[in-house]
Every structure is written in C-alpha cells, then in structure tokens.
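Notes follow the structure.
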Amino acid sequence: MEKFKNFSLNFLFKISDQPVILRDLLEANALFNDGMLVDPSKLNFNFKVLNSYLYFSVLCVFILLPLLLATHYFLTRLDFHISIISAVAVTACVFISYDIFKIYARKMISKRLIKKAWELHFPYFAYEKYSLTASELYKEALKDDILKTNLEKYILEKIIHSK
C-alpha cells in the first residue's frame, strides 16, 4: 500500500530538490495544523494537472463502470427518465469529487513534505509530539515581531523550556 501511495504522489506532484526554509516550514506547519491548505510554493511542490486528470479518470472508470453496468439495464427498463436523471447526478458527483480528490492529495503531500523538512530543521524533536507546540510558538513569534534570524533560536528555546 505504501508503494502505491508513493507512486501516486510522485505521479501527481513535481517535488523540488530545494530544501524548505525554516520560516516556510513553520508557516506551513501552522497552516496545516489549523486545517488549511498549504501554499505549494512554501513546501516546494507543484501539482501536475494533466497527470491528476488521468489518475482521477482511471479511478472513476474502475469505480463507475461496474456500477454503470450493474444499474443501466434495470434503470432503463424501469423508466428511462430515471436513467437520465441518474446520469446527470453521477456527472455532477464526478466533478465535485475531483475537487475533493485534489484537496486530499494536497493534504497528503503537504504532511509528507512537512515531516521531511521537520527532520531536517528539528531532528531531535518528534514531529507528532512537537508540531502543535511549534505552530503555537510560531504564531507567538509573529505577534512579538521576532526577526527571521532569531526565529529558530526563539522556537528552539521555547520548545526546550516547555518540556
């Protein structure tokens, strides 16, 4: 399952080799923990739109084609109007679910890239344990107008003292 997830994410996204800078990591972590979408430029990735259409189309074919084959005969025998209405409803669901698919994929890649950058900038602090603390400290640092150069020192000192 992990191989499939890796293949899917690599197929759907272009990920830069550039490391994520600390300020962008902290901002992305705070946004992610607040349940918001992270700006792809902060984590150095880009969505491959054509690949996402292809991937989503294949998923739809594997899910919808068996349902279509199973229900088409019965719906046309019952009343063809029901078949037409269900076709419109399914088409609407496909377009709505594509947006949901894109959001879910972005959240998955954002979490993966945040964890990867976290290991680079905070190797001695587990992401699962300290990510919420770091996002709160980042918000405090923004309120206190801490300079970019002092941000890492500020966050590390506060995390150490919060233990």
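Labels used: A, B, ... for chains in the order of the structure tokens, numbers from 1 for residues in each chain, and numbers from 1 for ligands as shown.
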
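Within 12 Å of His121 in chain A, once only C-alpha atoms are used and residues closer than 2 positions along the same chain are dropped, the contacting residues are Pro19, Val20, Ile21, Leu22, Arg23, Asp24, Leu25, Leu26, Ile114, Lys115, Lys116, Ala117, Trp118, Glu119, Pro123, Tyr124, Phe125, Ala126, Tyr127, Ala134, Glu152, Lys153, Ile155 and Leu156 of chain A.
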
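Among the candidates A:Ile84, A:Leu113, A:Ala105, A:Ala70, the one nearest to Asp17 in chain A when counting only C-alpha atoms is A:Leu113.
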
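The set of residues in range 16-60 of chain A assigned to alpha helix (DSSP H) by DSSP, using only backbone atoms of this structure, is Leu22, Arg23, Asp24, Leu25, Leu26, Glu27, Ala28, Asn29, Ala30, Leu31, Phe32, Asn33, Val49, Leu50, Asn51, Ser52, Tyr53, Leu54, Tyr55, Phe56, Ser57, Val58, Leu59 and Cys60 of chain A.
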
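Minimum atom-to-atom distances from A:Lys102, A:Asp39, A:Ser86, A:Ile109 to Asn10 in chain A were compared using only C-alpha atoms, and the lowest value belongs to A:Ile109.
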
So that I can check the surroundings of Leu12 in chain A, please list as a ChimeraX atom specification every protein, DNA and RNA residue that reaches within 12 Å of it, counting only C-alpha atoms and ignoring chain neighbours fewer than 5 positions away.
/A:5-7,45-56,101-102,104-106,108-109

Pull N, CA, C and O atoms from the residues just selected and write them as a CSV table (one decimal), in the first residue's frame.
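This went into again10.csv:
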```
chain,number,residue,atom,x,y,z
A,5,LYS,N,1.0,4.4,-2.6
A,5,LYS,CA,0.9,5.8,-2.2
A,5,LYS,C,2.0,6.6,-2.7
A,5,LYS,O,1.9,7.8,-3.2
A,6,ASN,N,3.3,6.1,-2.6
A,6,ASN,CA,4.4,6.8,-3.1
A,6,ASN,C,4.3,7.0,-4.6
A,6,ASN,O,4.7,8.1,-5.1
A,7,PHE,N,3.9,6.0,-5.4
A,7,PHE,CA,3.8,6.1,-6.8
A,7,PHE,C,2.7,7.2,-7.1
A,7,PHE,O,3.0,8.0,-8.0
A,45,PHE,N,6.6,22.2,-4.0
A,45,PHE,CA,6.0,21.2,-4.8
A,45,PHE,C,5.0,21.9,-5.8
A,45,PHE,O,4.6,23.0,-5.6
A,46,ASN,N,4.7,21.2,-6.8
A,46,ASN,CA,3.7,21.7,-7.8
A,46,ASN,C,2.8,20.5,-8.3
A,46,ASN,O,3.3,19.4,-8.4
A,47,PHE,N,1.6,20.8,-8.5
A,47,PHE,CA,0.6,19.9,-9.0
A,47,PHE,C,0.7,19.6,-10.5
A,47,PHE,O,0.7,20.6,-11.2
A,48,LYS,N,0.8,18.4,-10.9
A,48,LYS,CA,0.8,18.1,-12.3
A,48,LYS,C,-0.7,17.9,-12.7
A,48,LYS,O,-1.3,16.8,-12.5
A,49,VAL,N,-1.2,18.9,-13.4
A,49,VAL,CA,-2.7,18.9,-13.7
A,49,VAL,C,-3.1,17.8,-14.6
A,49,VAL,O,-4.1,17.1,-14.4
A,50,LEU,N,-2.3,17.6,-15.7
A,50,LEU,CA,-2.7,16.6,-16.7
A,50,LEU,C,-2.6,15.2,-16.0
A,50,LEU,O,-3.5,14.4,-16.2
A,51,ASN,N,-1.6,14.9,-15.3
A,51,ASN,CA,-1.5,13.7,-14.6
A,51,ASN,C,-2.6,13.4,-13.6
A,51,ASN,O,-3.1,12.3,-13.4
A,52,SER,N,-3.1,14.5,-12.9
A,52,SER,CA,-4.2,14.4,-12.0
A,52,SER,C,-5.5,14.0,-12.7
A,52,SER,O,-6.3,13.2,-12.2
A,53,TYR,N,-5.7,14.6,-13.9
A,53,TYR,CA,-6.9,14.2,-14.7
A,53,TYR,C,-6.8,12.8,-15.1
A,53,TYR,O,-7.8,12.1,-15.0
A,54,LEU,N,-5.7,12.3,-15.5
A,54,LEU,CA,-5.5,10.9,-16.0
A,54,LEU,C,-5.7,10.0,-14.8
A,54,LEU,O,-6.5,9.0,-14.9
A,55,TYR,N,-5.1,10.3,-13.7
A,55,TYR,CA,-5.2,9.5,-12.5
A,55,TYR,C,-6.7,9.4,-12.0
A,55,TYR,O,-7.2,8.3,-11.7
A,56,PHE,N,-7.3,10.5,-11.9
A,56,PHE,CA,-8.7,10.6,-11.5
A,56,PHE,C,-9.6,9.9,-12.5
A,56,PHE,O,-10.6,9.2,-12.1
A,101,PHE,N,-10.7,15.2,-4.4
A,101,PHE,CA,-9.5,14.4,-4.6
A,101,PHE,C,-8.3,15.3,-4.6
A,101,PHE,O,-7.3,14.9,-4.0
A,102,LYS,N,-8.4,16.5,-5.3
A,102,LYS,CA,-7.2,17.4,-5.3
A,102,LYS,C,-6.9,17.9,-3.9
A,102,LYS,O,-5.7,17.9,-3.6
A,104,TYR,N,-7.5,16.4,-1.0
A,104,TYR,CA,-7.0,15.3,-0.3
A,104,TYR,C,-5.5,15.0,-0.6
A,104,TYR,O,-4.7,14.8,0.2
A,105,ALA,N,-5.2,15.0,-1.9
A,105,ALA,CA,-3.9,14.7,-2.4
A,105,ALA,C,-2.9,15.8,-1.9
A,105,ALA,O,-1.8,15.5,-1.5
A,106,ARG,N,-3.3,17.1,-2.0
A,106,ARG,CA,-2.5,18.2,-1.5
A,106,ARG,C,-2.2,18.1,0.0
A,106,ARG,O,-1.1,18.3,0.5
A,108,MET,N,-2.1,15.2,1.7
A,108,MET,CA,-1.2,14.1,1.9
A,108,MET,C,0.2,14.5,1.6
A,108,MET,O,1.2,14.2,2.4
A,109,ILE,N,0.5,15.2,0.5
A,109,ILE,CA,1.8,15.6,0.1
A,109,ILE,C,2.3,16.7,1.1
A,109,ILE,O,3.5,16.7,1.4
```

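Among the candidates A:Phe11, A:Tyr154, A:Leu69, A:Met36, the residue lying nearest to Leu142 in chain A is A:Tyr154 (atoms considered: only C-alpha atoms).
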
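The interatomic distance for the pair CA of Ser57 in chain A and CA of Glu2 in chain A works out to 21.5 Å.
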
Could you please determine the separation between CA of Pro40 in chain A and CA of Ile160 in chain A in Å, to one decimal place?
29.9 Å

What parts of chain A does DSSP call strand (DSSP E)? I'd like the answer as a list of chain:residue names.
A:Phe13, A:Lys14, A:Ile15, A:Phe45, A:Asn46, A:Phe47

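Of note, CA of Leu67 in chain A and CA of Met1 in chain A are spaced 24.6 Å apart.
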
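Distance check against Ser131 in chain A using only C-alpha atoms: of A:Asn29, A:Gln18, A:Thr149, A:Ser97, the minimum falls on A:Asn29.
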